[in-house]
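Peer 1: Dropping in coords_34.cif, which is mmCIF, C-alpha atoms:
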```cif
data_my_file
loop_
_atom_site.label_atom_id
_atom_site.label_comp_id
_atom_site.auth_asym_id
_atom_site.auth_seq_id
_atom_site.Cartn_x
_atom_site.Cartn_y
_atom_site.Cartn_z
CA MET A 63 -39.05 -26.37 3.26
CA ASP A 64 -37.33 -24.04 5.75
CA ALA A 65 -35.80 -25.50 8.90
CA PRO A 66 -37.63 -24.55 12.10
CA GLY A 67 -36.67 -21.61 14.39
CA ASN A 68 -33.35 -22.15 16.09
CA ILE A 69 -32.08 -24.54 13.47
CA GLU A 70 -32.63 -21.96 10.76
CA ARG A 71 -30.81 -19.44 12.97
CA LEU A 72 -27.91 -21.87 13.30
CA VAL A 73 -27.80 -22.26 9.52
CA GLU A 74 -27.71 -18.48 9.12
CA LEU A 75 -24.85 -18.14 11.60
CA MET A 76 -22.88 -20.98 10.02
CA ALA A 77 -23.38 -19.42 6.58
CA ARG A 78 -21.47 -16.33 7.78
CA LEU A 79 -18.30 -18.36 8.28
CA PRO A 80 -15.59 -18.07 5.64
CA GLY A 81 -15.81 -20.80 3.03
CA LEU A 82 -19.43 -21.58 3.81
CA GLY A 83 -22.52 -20.40 1.97
CA PRO A 84 -26.17 -21.11 2.79
CA ARG A 85 -26.13 -24.51 1.09
CA SER A 86 -22.95 -25.78 2.67
CA ALA A 87 -24.03 -24.38 6.06
CA ARG A 88 -27.30 -26.27 5.77
CA ARG A 89 -25.39 -29.44 4.94
CA ALA A 90 -23.06 -28.99 7.91
CA VAL A 91 -25.99 -28.36 10.26
CA LEU A 92 -27.80 -31.43 8.99
CA HIS A 93 -24.65 -33.47 9.57
CA MET A 94 -24.38 -32.19 13.13
CA LEU A 95 -28.04 -32.87 13.79
CA LYS A 96 -27.60 -36.43 12.64
CA LYS A 97 -24.61 -36.86 14.95
CA ARG A 98 -25.75 -34.80 17.88
CA GLY A 99 -23.95 -36.86 20.49
CA GLN A 100 -20.64 -37.38 18.70
CA VAL A 101 -20.27 -34.02 16.92
CA MET A 102 -22.77 -31.36 17.90
CA ALA A 103 -22.69 -31.54 21.69
CA PRO A 104 -18.86 -31.62 22.01
CA LEU A 105 -18.59 -28.85 19.41
CA ALA A 106 -21.09 -26.69 21.28
CA GLN A 107 -19.24 -27.28 24.53
CA VAL A 108 -15.84 -26.41 23.09
CA LEU A 109 -17.25 -23.34 21.32
CA ALA A 110 -18.67 -22.06 24.57
CA GLU A 111 -15.41 -22.71 26.42
CA VAL A 112 -13.26 -21.05 23.77
CA ALA A 113 -15.61 -18.07 23.54
CA ALA A 114 -15.28 -17.60 27.28
CA SER A 115 -11.53 -18.08 27.56
CA ALA A 116 -9.96 -16.84 24.27
CA ARG A 117 -7.93 -13.66 24.54
CA ASP A 118 -5.04 -11.90 22.84
CA CYS A 119 -1.59 -12.47 24.30
CA ALA A 120 -0.53 -9.27 26.03
CA ILE A 121 3.02 -9.68 24.72
CA CYS A 122 2.88 -10.96 21.15
CA GLY A 123 -0.76 -10.63 20.08
CA ASN A 124 -1.24 -14.37 19.50
CA ILE A 125 -4.62 -15.79 20.46
CA GLY A 126 -4.62 -18.11 23.45
CA ASP A 127 -6.64 -19.01 26.47
CA SER A 128 -4.65 -16.93 28.94
CA ASP A 129 -3.19 -13.43 29.08
CA ILE A 130 0.23 -14.74 28.06
CA CYS A 131 0.29 -17.34 25.27
CA PRO A 132 2.21 -20.64 25.64
CA ILE A 133 4.94 -19.46 23.25
CA CYS A 134 5.68 -16.34 25.30
CA ARG A 135 5.55 -18.39 28.52
CA ASP A 136 8.08 -20.90 27.20
CA ASP A 137 11.56 -19.82 28.39
CA ARG A 138 13.23 -22.08 25.83
CA ARG A 139 11.88 -19.80 23.12
CA ALA A 140 13.55 -16.72 24.56
CA ASN A 141 16.50 -17.06 22.18
CA GLY A 142 16.66 -13.38 21.20
CA GLU A 143 14.79 -13.84 17.92
CA ILE A 144 11.45 -12.17 17.27
CA CYS A 145 9.53 -13.17 14.16
CA VAL A 146 7.14 -10.44 13.02
CA VAL A 147 4.00 -11.69 11.26
CA GLU A 148 0.94 -9.93 9.90
CA ASN A 149 -1.75 -11.93 11.68
CA VAL A 150 -2.39 -14.96 13.83
CA ALA A 151 -2.98 -17.18 10.78
CA ASP A 152 0.59 -16.44 9.68
CA LEU A 153 1.88 -17.25 13.17
CA TRP A 154 0.12 -20.60 13.07
CA ALA A 155 1.54 -21.25 9.59
CA MET A 156 5.07 -20.58 10.87
CA GLU A 157 4.46 -22.87 13.85
CA ARG A 158 3.22 -25.63 11.55
CA GLY A 159 6.51 -25.42 9.70
CA GLY A 160 8.34 -25.98 12.98
CA ALA A 161 11.48 -24.29 11.67
CA PHE A 162 11.39 -21.26 13.96
CA ARG A 163 12.10 -21.66 17.67
CA GLY A 164 11.97 -18.05 18.84
CA ARG A 165 9.06 -15.82 19.74
CA TYR A 166 6.58 -13.95 17.59
CA HIS A 167 5.06 -10.53 17.26
CA VAL A 168 1.68 -10.16 15.53
CA LEU A 169 1.26 -6.77 13.85
CA GLY A 170 -2.47 -7.04 13.25
CA GLY A 171 -2.28 -5.95 9.60
CA THR A 172 -0.04 -4.12 7.18
CA LEU A 173 0.43 -0.51 6.20
CA SER A 174 -1.93 0.35 3.39
CA ALA A 175 -1.75 3.55 1.41
CA LEU A 176 -5.30 3.44 0.10
CA ASP A 177 -6.98 2.06 3.21
CA SER A 178 -5.29 4.70 5.39
CA VAL A 179 -3.69 2.13 7.67
CA GLY A 180 -0.72 3.86 9.24
CA PRO A 181 1.89 2.72 11.78
CA ASP A 182 -0.31 3.78 14.69
CA GLU A 183 -3.00 1.32 13.68
CA LEU A 184 -0.53 -1.56 13.93
CA ARG A 185 1.40 -2.98 16.89
CA ILE A 186 4.66 -1.40 15.76
CA PRO A 187 5.25 0.74 18.91
CA LYS A 188 4.79 -2.42 20.99
CA LEU A 189 7.41 -4.17 18.83
CA MET A 190 9.87 -1.34 19.44
CA GLN A 191 9.29 -1.66 23.16
CA ARG A 192 9.75 -5.44 23.07
CA VAL A 193 13.03 -5.19 21.18
CA GLY A 194 14.38 -2.99 23.96
CA ASP A 195 12.85 -4.85 26.90
CA GLU A 196 13.72 -8.35 25.75
CA GLY A 197 17.15 -7.47 24.43
CA ALA A 198 16.35 -9.05 21.07
CA ARG A 199 19.33 -9.70 18.82
CA GLU A 200 17.38 -10.36 15.60
CA VAL A 201 13.99 -9.35 14.24
CA ILE A 202 12.81 -11.56 11.38
CA LEU A 203 10.19 -9.89 9.19
CA ALA A 204 7.97 -12.74 7.96
CA LEU A 205 5.53 -10.58 6.05
CA ASN A 206 3.70 -11.36 2.85
CA ALA A 207 5.51 -10.85 -0.44
CA THR A 208 2.97 -8.24 -1.47
CA VAL A 209 3.36 -4.51 -1.97
CA ASP A 210 1.65 -3.77 1.36
CA GLY A 211 3.57 -6.51 3.19
CA GLN A 212 6.97 -5.40 1.96
CA THR A 213 6.16 -1.70 2.46
CA THR A 214 5.49 -2.57 6.08
CA ALA A 215 8.72 -4.57 6.27
CA HIS A 216 10.78 -1.64 4.97
CA TYR A 217 9.03 0.72 7.37
CA ILE A 218 9.77 -1.51 10.37
CA ALA A 219 13.39 -1.92 9.27
CA ASP A 220 13.60 1.88 9.10
CA VAL A 221 12.18 2.52 12.55
CA LEU A 222 14.27 -0.21 14.17
CA GLY A 223 17.36 1.27 12.56
CA ASP A 224 20.59 -0.12 13.94
CA ALA A 225 19.07 -1.13 17.27
CA VAL A 226 18.91 -4.76 16.22
CA ARG A 227 19.69 -7.02 13.28
CA VAL A 228 16.69 -7.01 10.94
CA THR A 229 16.18 -9.77 8.38
CA SER A 230 13.33 -10.82 6.14
CA LEU A 231 12.21 -14.07 4.57
CA ALA A 232 13.69 -15.00 1.19
CA GLN A 233 11.56 -14.64 -1.91
CA GLY A 234 11.72 -16.96 -4.87
CA VAL A 235 10.76 -20.33 -6.25
CA PRO A 236 8.55 -22.34 -3.87
CA ILE A 237 9.19 -26.03 -3.22
CA GLY A 238 7.51 -27.93 -6.02
CA GLY A 239 7.27 -24.78 -8.13
CA GLU A 240 7.77 -25.05 -11.88
CA LEU A 241 9.39 -22.07 -13.57
CA ASP A 242 6.96 -22.24 -16.46
CA TYR A 243 4.06 -21.50 -14.11
CA LEU A 244 5.70 -18.75 -12.05
CA ASP A 245 4.85 -15.09 -12.53
CA ASP A 246 7.45 -12.57 -13.74
CA GLY A 247 7.84 -10.96 -10.33
CA THR A 248 8.65 -14.23 -8.57
CA ILE A 249 11.16 -15.24 -11.23
CA GLY A 250 12.79 -11.80 -10.99
CA ALA A 251 12.99 -11.98 -7.20
CA ALA A 252 14.39 -15.50 -7.32
CA LEU A 253 17.04 -14.48 -9.82
CA ARG A 254 18.09 -11.47 -7.75
CA ALA A 255 18.33 -13.68 -4.64
CA ARG A 256 20.33 -16.45 -6.38
CA ARG A 257 23.18 -18.02 -4.45
CA GLY A 258 26.16 -20.25 -5.15
CA ILE A 259 25.76 -24.01 -4.80
CA MET B 237 -21.02 -2.12 -22.93
CA GLU B 238 -17.53 -3.39 -23.45
CA TRP B 239 -14.11 -1.90 -23.98
CA ARG B 240 -10.52 -3.05 -23.88
CA ASP B 241 -7.62 -0.99 -22.61
CA GLU B 242 -4.23 -1.15 -20.96
CA GLY B 243 -3.22 0.24 -17.60
CA ALA B 244 -1.54 -0.11 -14.25
CA LEU B 245 -3.30 -1.53 -11.23
CA LEU B 246 -3.74 1.05 -8.49
CA SER B 247 -5.52 -0.95 -5.84
CA MET B 248 -7.27 -4.21 -5.07
CA ARG B 249 -9.84 -4.84 -2.36
CA ARG B 250 -11.48 -8.12 -1.55
CA HIS B 251 -15.14 -8.29 -2.47
CA GLY B 252 -16.88 -11.18 -0.77
CA GLU B 253 -14.91 -14.37 -0.47
CA SER B 254 -13.44 -14.83 -3.90
CA ALA B 255 -13.96 -11.64 -5.91
CA ALA B 256 -12.03 -8.39 -5.83
CA ILE B 257 -12.74 -4.79 -6.79
CA ILE B 258 -9.76 -3.35 -8.60
CA GLU B 259 -8.91 0.15 -9.68
CA VAL B 260 -6.85 0.56 -12.83
CA PHE B 261 -5.35 3.68 -14.37
CA THR B 262 -6.04 3.09 -18.05
CA LYS B 263 -4.90 4.97 -21.10
CA ASP B 264 -8.25 5.82 -22.69
CA HIS B 265 -10.65 5.45 -19.76
CA GLY B 266 -8.65 6.99 -16.93
CA ARG B 267 -9.02 5.75 -13.39
CA HIS B 268 -11.61 3.00 -13.59
CA SER B 269 -12.91 0.39 -11.16
CA GLY B 270 -14.53 -2.98 -11.70
CA VAL B 271 -15.06 -6.40 -10.19
CA VAL B 272 -12.72 -9.27 -10.98
CA HIS B 273 -14.38 -12.59 -10.35
CA GLY B 274 -11.92 -14.88 -8.61
CA GLY B 275 -9.68 -11.85 -8.00
CA ALA B 276 -9.11 -12.73 -4.35
CA SER B 277 -7.82 -16.19 -5.22
CA ARG B 278 -4.27 -17.28 -4.54
CA LYS B 279 -3.80 -17.78 -8.28
CA MET B 280 -4.52 -14.11 -8.94
CA ALA B 281 -2.55 -12.75 -5.98
CA ALA B 282 0.64 -12.07 -7.93
CA THR B 283 -1.24 -10.52 -10.85
CA LEU B 284 -3.32 -8.15 -8.77
CA GLN B 285 -0.48 -6.32 -7.04
CA PRO B 286 -0.36 -2.53 -7.31
CA GLY B 287 1.72 -1.39 -10.28
CA THR B 288 1.18 -4.49 -12.41
CA GLN B 289 0.60 -3.61 -16.06
CA LEU B 290 -2.67 -5.18 -17.14
CA ASP B 291 -4.61 -5.71 -20.32
CA VAL B 292 -8.19 -5.20 -19.15
CA THR B 293 -11.56 -5.84 -20.75
CA TRP B 294 -14.43 -4.09 -19.00
CA ARG B 295 -18.01 -5.21 -19.39
CA ALA B 296 -21.28 -3.92 -17.94
CA ARG B 297 -24.88 -3.76 -19.05
CA LEU B 298 -24.98 0.01 -18.52
CA GLY B 299 -22.15 2.51 -18.65
CA ASP B 300 -22.61 3.80 -15.12
CA GLN B 301 -22.48 0.38 -13.50
CA LEU B 302 -19.39 -0.88 -11.67
CA GLY B 303 -18.98 -3.65 -14.24
CA THR B 304 -16.54 -6.51 -14.36
CA PHE B 305 -12.96 -6.68 -15.52
CA ALA B 306 -11.28 -9.57 -17.29
CA VAL B 307 -7.58 -9.04 -16.68
CA GLU B 308 -4.46 -10.34 -18.34
CA PRO B 309 -1.07 -9.47 -16.85
CA LEU B 310 1.32 -7.77 -19.27
CA ARG B 311 4.27 -7.24 -16.95
CA ALA B 312 4.97 -7.17 -13.24
CA ARG B 313 6.42 -4.15 -11.52
CA ALA B 314 7.04 -5.84 -8.20
CA VAL B 315 9.94 -3.93 -6.70
CA LEU B 316 9.60 -5.60 -3.35
CA ASP B 317 13.29 -5.42 -2.51
CA SER B 318 13.66 -1.70 -3.21
CA ARG B 319 12.68 0.66 -0.42
CA LEU B 320 12.49 3.68 -2.72
CA GLY B 321 10.71 1.67 -5.42
CA LEU B 322 8.01 0.43 -3.05
CA THR B 323 7.52 3.78 -1.36
CA GLY B 324 7.35 5.48 -4.74
CA LEU B 325 4.86 2.94 -6.09
CA ASN B 326 2.60 3.46 -3.08
CA ALA B 327 2.82 7.23 -3.41
CA VAL B 328 2.02 7.24 -7.15
CA CYS B 329 -0.96 4.90 -6.70
CA ALA B 330 -2.30 6.85 -3.73
CA MET B 331 -1.88 10.21 -5.48
CA LEU B 332 -3.68 9.02 -8.62
CA HIS B 333 -6.45 7.57 -6.48
CA LEU B 334 -6.90 10.84 -4.60
CA CYS B 335 -6.35 13.43 -7.30
CA LEU B 336 -7.88 12.07 -10.48
CA PRO B 337 -11.59 12.00 -11.14
CA ASP B 338 -13.09 8.64 -11.94
CA ARG B 339 -13.43 7.61 -15.60
CA GLU B 340 -11.71 10.63 -17.13
CA ALA B 341 -8.93 9.99 -19.62
CA HIS B 342 -5.56 11.68 -19.08
CA PRO B 343 -3.41 10.27 -21.89
CA ALA B 344 -0.39 12.50 -21.29
CA LEU B 345 -0.35 11.74 -17.60
CA TRP B 346 -0.88 8.05 -18.34
CA LEU B 347 2.18 7.95 -20.58
CA ARG B 348 4.33 9.75 -18.00
CA THR B 349 3.00 7.53 -15.21
CA MET B 350 3.85 4.35 -17.07
CA ALA B 351 7.37 5.62 -17.70
CA LEU B 352 7.70 6.59 -14.03
CA LEU B 353 6.49 3.18 -12.87
CA ASP B 354 8.77 1.37 -15.32
CA ASP B 355 11.69 3.23 -13.80
CA LEU B 356 10.76 2.73 -10.13
CA GLY B 357 13.63 3.07 -7.70
CA SER B 358 16.28 3.91 -10.28
CA ASN B 359 18.82 6.71 -9.99
CA GLY B 360 17.18 10.07 -10.49
CA TRP B 361 13.75 8.66 -9.82
CA GLY B 362 12.99 11.32 -7.23
CA GLU B 363 13.49 14.04 -9.81
CA ALA B 364 11.22 12.19 -12.25
CA TYR B 365 8.59 11.93 -9.52
CA LEU B 366 8.78 15.66 -8.89
CA ARG B 367 8.20 16.39 -12.57
CA TRP B 368 5.36 13.87 -12.57
CA GLU B 369 3.65 15.75 -9.72
CA MET B 370 3.97 18.96 -11.72
CA LEU B 371 2.21 17.25 -14.63
CA LEU B 372 -0.42 15.87 -12.25
CA LEU B 373 -1.08 19.44 -11.10
CA GLU B 374 -1.39 20.53 -14.70
CA GLU B 375 -3.88 17.75 -15.43
CA MET B 376 -5.87 18.83 -12.38
CA GLY B 377 -6.11 22.28 -13.93
CA PHE B 378 -3.54 24.00 -11.73
CA ALA B 379 -0.49 24.29 -13.96
CA LEU B 380 2.33 26.37 -12.51
CA ASP B 381 3.80 29.08 -14.71
CA LEU B 382 7.51 29.01 -14.03
CA THR B 383 8.60 30.44 -17.35
CA ARG B 384 8.81 34.15 -16.43
CA CYS B 385 8.45 36.55 -13.54
CA ALA B 386 4.82 37.45 -12.88
CA LEU B 387 5.82 41.03 -12.02
CA THR B 388 8.51 41.96 -14.52
CA GLY B 389 8.16 39.35 -17.26
CA SER B 390 11.86 38.61 -16.95
CA ARG B 391 13.11 35.06 -17.46
CA GLU B 392 16.23 35.66 -15.40
CA ASP B 393 16.94 34.84 -11.75
CA LEU B 394 13.56 33.32 -10.94
CA ALA B 395 13.69 32.41 -7.24
CA PHE B 396 10.17 32.31 -5.84
CA VAL B 397 6.64 31.20 -6.62
CA SER B 398 3.52 33.02 -5.56
CA PRO B 399 1.55 30.69 -3.27
CA ARG B 400 -1.67 32.20 -4.60
CA THR B 401 -1.21 32.27 -8.37
CA GLY B 402 1.45 29.61 -8.90
CA ARG B 403 3.51 32.02 -11.03
CA ALA B 404 7.24 32.53 -10.73
CA VAL B 405 8.70 35.69 -9.20
CA GLY B 406 12.21 37.04 -9.78
CA ARG B 407 14.58 37.45 -6.84
CA ASN B 408 14.80 41.23 -7.17
CA ALA B 409 11.13 41.70 -7.95
CA ALA B 410 10.13 39.83 -4.80
CA GLY B 411 11.56 42.53 -2.54
CA ASP B 412 9.92 42.63 0.88
CA TRP B 413 7.43 39.98 -0.18
CA ALA B 414 10.09 37.29 -0.37
CA PRO B 415 9.34 35.76 3.05
CA ARG B 416 5.72 35.24 1.99
CA LEU B 417 6.65 33.46 -1.24
CA LEU B 418 7.56 29.83 -1.77
CA PRO B 419 11.18 29.17 -2.73
CA LEU B 420 11.53 28.00 -6.32
CA PRO B 421 14.24 25.33 -6.46
CA PRO B 422 16.34 25.47 -9.64
CA ILE B 423 15.53 21.80 -10.23
CA LEU B 424 12.02 22.84 -11.29
CA LEU B 425 13.56 25.13 -13.87
CA GLY B 426 15.61 22.27 -15.25
CA GLN B 427 18.77 23.59 -13.64
CA GLY B 428 21.10 22.03 -11.12
CA GLY B 429 21.11 18.58 -9.55
CA ALA B 430 18.54 16.92 -7.36
CA SER B 431 20.01 17.61 -3.93
CA PRO B 432 17.87 16.60 -0.94
CA ALA B 433 17.31 20.28 -0.11
CA GLU B 434 16.07 21.02 -3.61
CA MET B 435 13.88 17.92 -3.60
CA ALA B 436 12.39 19.06 -0.30
CA ALA B 437 11.66 22.54 -1.64
CA GLY B 438 10.18 21.14 -4.85
CA LEU B 439 7.96 18.63 -3.09
CA THR B 440 6.81 21.26 -0.60
CA LEU B 441 5.93 23.55 -3.46
CA CYS B 442 3.93 20.79 -5.15
CA ALA B 443 2.21 19.86 -1.88
CA HIS B 444 1.02 23.44 -1.43
CA PHE B 445 -0.57 23.58 -4.87
CA LEU B 446 -1.87 20.00 -4.73
CA ASN B 447 -3.74 20.90 -1.54
CA ARG B 448 -5.13 24.00 -3.21
CA ALA B 449 -6.14 22.00 -6.27
CA LEU B 450 -7.87 19.36 -4.14
CA ALA B 451 -9.71 22.04 -2.18
CA GLY B 452 -10.80 23.53 -5.50
CA MET B 453 -12.20 20.14 -6.47
CA ASP B 454 -14.04 20.04 -3.13
CA ILE B 455 -11.84 17.19 -1.89
CA HIS B 456 -11.02 18.04 1.69
CA HIS B 457 -8.62 15.22 2.33
CA PRO B 458 -4.96 15.55 3.30
CA LEU B 459 -2.34 14.31 0.87
CA PRO B 460 -1.79 10.58 1.32
CA GLU B 461 0.42 9.20 4.07
CA ALA B 462 2.24 7.28 1.32
CA ARG B 463 3.39 10.58 -0.22
CA ALA B 464 4.57 11.80 3.16
CA ARG B 465 6.67 8.63 3.51
CA LEU B 466 8.16 9.16 0.05
CA VAL B 467 8.98 12.79 0.82
CA ASP B 468 10.60 11.66 4.06
CA LEU B 469 12.68 9.09 2.19
CA LEU B 470 13.75 11.49 -0.56
CA THR B 471 14.62 14.31 1.79
CA ARG B 472 15.82 12.47 4.89
CA GLU B 473 19.28 13.93 4.59
CA VAL B 474 17.83 17.43 4.81
CA ALA B 475 17.21 17.10 8.54
CA SER B 476 20.90 16.75 9.23
CA MET B 477 21.78 19.76 7.07
CA PRO B 478 22.00 23.31 8.46
CA ALA B 479 18.83 25.27 7.74
CA THR B 480 19.24 27.71 4.86
CA GLY B 481 16.87 29.86 2.91
CA GLU B 482 17.11 27.56 -0.09
CA GLY B 483 16.37 24.38 1.79
CA ARG B 484 13.75 25.81 4.12
CA LEU B 485 10.74 23.55 4.50
CA HIS B 486 7.26 24.99 4.64
CA GLU B 487 4.43 23.31 6.45
CA ASP B 488 1.89 23.57 3.65
CA GLY B 489 0.07 20.28 3.44
CA GLU B 490 2.91 18.21 4.80
#
```
So that I can check it, write out the structure of this file as structure tokens.

Peer 2:
Amino acid sequence: MDAPGNIERLVELMARLPGLGPRSARRAVLHMLKKRGQVMAPLAQVLAEVAASARDCAICGNIGDSDICPICRDDRRANGEICVVENVADLWAMERGGAFRGRYHVLGGTLSALDSVGPDELRIPKLMQRVGDEGAREVILALNATVDGQTTAHYIADVLGDAVRVTSLAQGVPIGGELDYLDDGTIGAALRARRGI
Amino acid sequence: MEWRDEGALLSMRRHGESAAIIEVFTKDHGRHSGVVHGGASRKMAATLQPGTQLDVTWRARLGDQLGTFAVEPLRARAVLDSRLGLTGLNAVCAMLHLCLPDREAHPALWLRTMALLDDLGSNGWGEAYLRWEMLLLEEMGFALDLTRCALTGSREDLAFVSPRTGRAVGRNAAGDWAPRLLPLPPILLGQGGASPAEMAAGLTLCAHFLNRALAGMDIHHPLPEARARLVDLLTREVASMPATGEGRLHEDGE
């Protein structure tokens, strides 16, 4: 039997979320309905608040609840390093790692030959401006180890030229990785990037 | 329907949450697309990178359906640390995507493409790419005739190409028409080295005829941005050189 009116609408909306299909959305909605007070009401309240306040940081492109995100507001992170990432998910991944203490720049995608995504569609001009304005001493290109990601990295390195030191993340064997299960490309990259121990 | 073939991956696009639609340049079936179930998974990410050599099995109920691919990687061509290699890979994939009709075999071009991709970023790769574009033109039905002068039949001192017919013209035969003709760099005649100026002239020549060929196929789309980036990389030194007749760049299609 179909759920009534608004509940069915809620299931439809939930089913559009990544990772959820109609069945899992229905299950999640049923769970929320059972725990209206503990789960559904607070969730609805936070969703409404976030929808009203979320905005892109005017400096780095991160998503926050003000025009300037907490990372860009934090003076301790103005150490002259700008880490360039493809999207906000990558920024959050870097933050989870906790290894980087500088600031970020979110490109909003990568150059793509077949999808006709050129430099003007990305926030590359804004990056150039930031490098000059903030007096950055290093730009770290933390882009995916894919053809599109590395094409973008090379392009950015080209346009930045000698204005600033440009580095990129290492490529090779991940922690916990077993050589037997790695693809040829990763093994090749790891071998080329070998270092003395 | 089912067939098995070998080819290089040209592109991958996500299809839904876990599947991907890939385009492969195969030996016997040309440029062919199909769905790969689970193709957007992390496990498949390294396999489905442009340039990867794949063993593909295509299945569909009817021949004109999109169909599904089962893919097995044969070898990776990830040249992520080479600027020229990456730019070249993007240009080759984008050019094949734009210029070749779907599902039409081009065995000679396939062989040359595989050799070109195997050699990505190596010394002399730019010259190989230029020759590859000439073959691409030929496969599109617009082969250039650079063997003899269109006016005199002479094989000596060929210096220009007619922008209309694609035939070579001798330096003396060109006469007053020379400014209207495209310079023919000796590199396209198998002479001389691949200087940036010659590369620029050769690539400009190809761009002119590629644009004409595409227009003839009713494809009114500029040459890919990826090619423009490759041309820029291969000829960057030209900008700092004094302008000469030999190295003069034309604006056709670039």

Peer 1: Would you work out the distance separating atom CA of Leu352 of chain B from atom CA of Pro432 of chain B, expressed in Å to one decimal?

Peer 2: 19.4 Å

Peer 1: Pull out every residue of chain B sitting within 8 Å of chain A, counting all atoms listed in the file, and send them as a list in words.

Peer 2: Ser247, Glu253, Ala282, Thr283, Gln285, Pro286, Arg311, Ala312, Arg313, Ala314, Leu316, Asp317, Arg319, Leu322, Thr323, Asn326, Ala327, Ala330, His333, Pro460, Glu461 and Ala462 of chain B

Peer 1: Taking the point (6.4, 17.5, -7.5) as given in the file, collect each protein or nucleic acid residue that comes within 7 Å of it, counting all atoms listed in the file, and present the set as a ChimeraX atom specification.

Peer 2: /B:365-370,438-439,442

Peer 1: Could you pull the residues within 6 Å of segment 111-116 of chain A, counting all atoms listed in the file, minus those fewer than 2 positions along the same chain, as number ranges by chain?

Peer 2: A: 108-109, 126-127

Peer 1: Between B:Ala451, B:Ala364, B:Glu392, B:Ala410, which residue has the minimum interatomic distance to Leu424 of chain B, considering all atoms listed in the file?

Peer 2: B:Ala364

Peer 1: One number please: atom CA of Ala87 of chain A to atom CA of His273 of chain B, in Å, one decimal.

Peer 2: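 So the answer is 22.4 Å.
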
Peer 1: Residues within 12 Å of segment 90-104 of chain A, please, as a list in words. Count all atoms listed in the file; anything in the same chain fewer than 2 positions from it doesn't count.

Peer 2: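 The contact residues come out as Ala65, Asn68, Ile69, Glu70, Arg71, Leu72, Val73, Glu74, Leu75, Met76, Ala77, Leu79, Gly81, Leu82, Gly83, Pro84, Arg85, Ser86, Ala87, Arg88, Ala106, Gln107, Val108, Leu109, Ala110 and Glu111 of chain A.
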
Peer 1: Could you tell me how far atom CA of His444 of chain B sits from atom CA of Arg384 of chain B, in Å to one decimal place?

Peer 2: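 Between these atoms lies a distance of 20.0 Å.
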
Peer 1: So that I can check the surroundings of Ala386 of chain B, please list as a ChimeraX atom specification every protein, DNA and RNA residue that reaches within 9 Å of it, counting only C-alpha atoms and ignoring chain neighbours fewer than 4 positions away.

Peer 2: /B:381-382,390,398,403-406

Peer 1: When distances are computed from all atoms listed in the file, which of B:Leu284, B:Val307, B:Ala430, B:Leu336 shows the smallest separation from Met376 of chain B?

Peer 2: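 The answer is B:Leu336, which sits nearest to Met376 of chain B.
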
Peer 1: Contacts of Gly171 of chain A at 8 Å or less, counting only C-alpha atoms, minus same-chain residues fewer than 2 places along, as a PyMOL selection string?

Peer 2: chain A and resi 148-149+169+173+184

Peer 1: Leaving out Ile257 of chain B and any residue of its chain fewer than 4 positions from it, which residues lie within 12 Å of it when counting only C-alpha atoms, given as an MDAnalysis selection string?

Peer 2: chainID B and resid 245:253 268:276 284 302:307

Peer 1: Would you translate the PyMOL selection byres ((chain A and resi 143) around 6) into the concrete set of residues it matches in this file, as a list in words?

Peer 2: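 Going through the file, the PyMOL selection byres ((chain A and resi 143) around 6) ends up selecting Asn141, Gly142, Ile144, Gly164, Ala198, Glu200 and Val201 of chain A.
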
Peer 1: Enclose the full set of atoms of segment 274-287 of chain B listed in the file within a box whose edges lie along x, y and z, apply 3 Å of padding to each of the six sides, and report centre and edge lengths in Å to one decimal as AutoDock Vina command-line options.

Peer 2:
```
--center_x -5.1 --center_y -9.6 --center_z -7.6 --size_x 19.6 --size_y 22.4 --size_z 12.5
```

Peer 1: Let me know the residues the PyMOL selection byres ((chain B and resi 297) around 6) catches in the file above, as a ChimeraX atom specification.

Peer 2: /B:237,296,298

Peer 1: Mind listing whatever residues come within 7 Å of the point (-13.7, 8.7, -13.2)? Use all atoms listed in the file, file coordinates, and give them as JSON, numbers by chain.

Peer 2: {"B": [266, 267, 268, 337, 338, 339, 340]}

Peer 1: Given the choices B:Glu308, B:Asp454, B:Asp412, B:Asp355, which gets closest to Leu320 of chain B if the distance is worked out from only C-alpha atoms?

Peer 2: B:Asp355

Peer 1: Can you list what the PyMOL selection byres ((chain B and resi 419) around 6) grabs from this structure, as a list in words?

Peer 2: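 With the shown file as input, the PyMOL selection byres ((chain B and resi 419) around 6) matches Phe396, Leu418 and Leu420 of chain B.
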
Peer 1: Taking all atoms listed in the file into account, which of A:Ile121, A:Val228, A:Ala140, A:Leu253 comes nearest Leu189 of chain A?

Peer 2: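 Among the listed residues, the smallest separation from Leu189 of chain A belongs to A:Ile121.
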
Peer 1: Taking only C-alpha atoms into account, which of A:Pro181, A:Pro132, A:Gly67, A:Gly123 comes nearest Asp152 of chain A?

Peer 2: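 Of A:Pro181, A:Pro132, A:Gly67, A:Gly123, the one nearest Asp152 of chain A, counting only C-alpha atoms, is A:Gly123.
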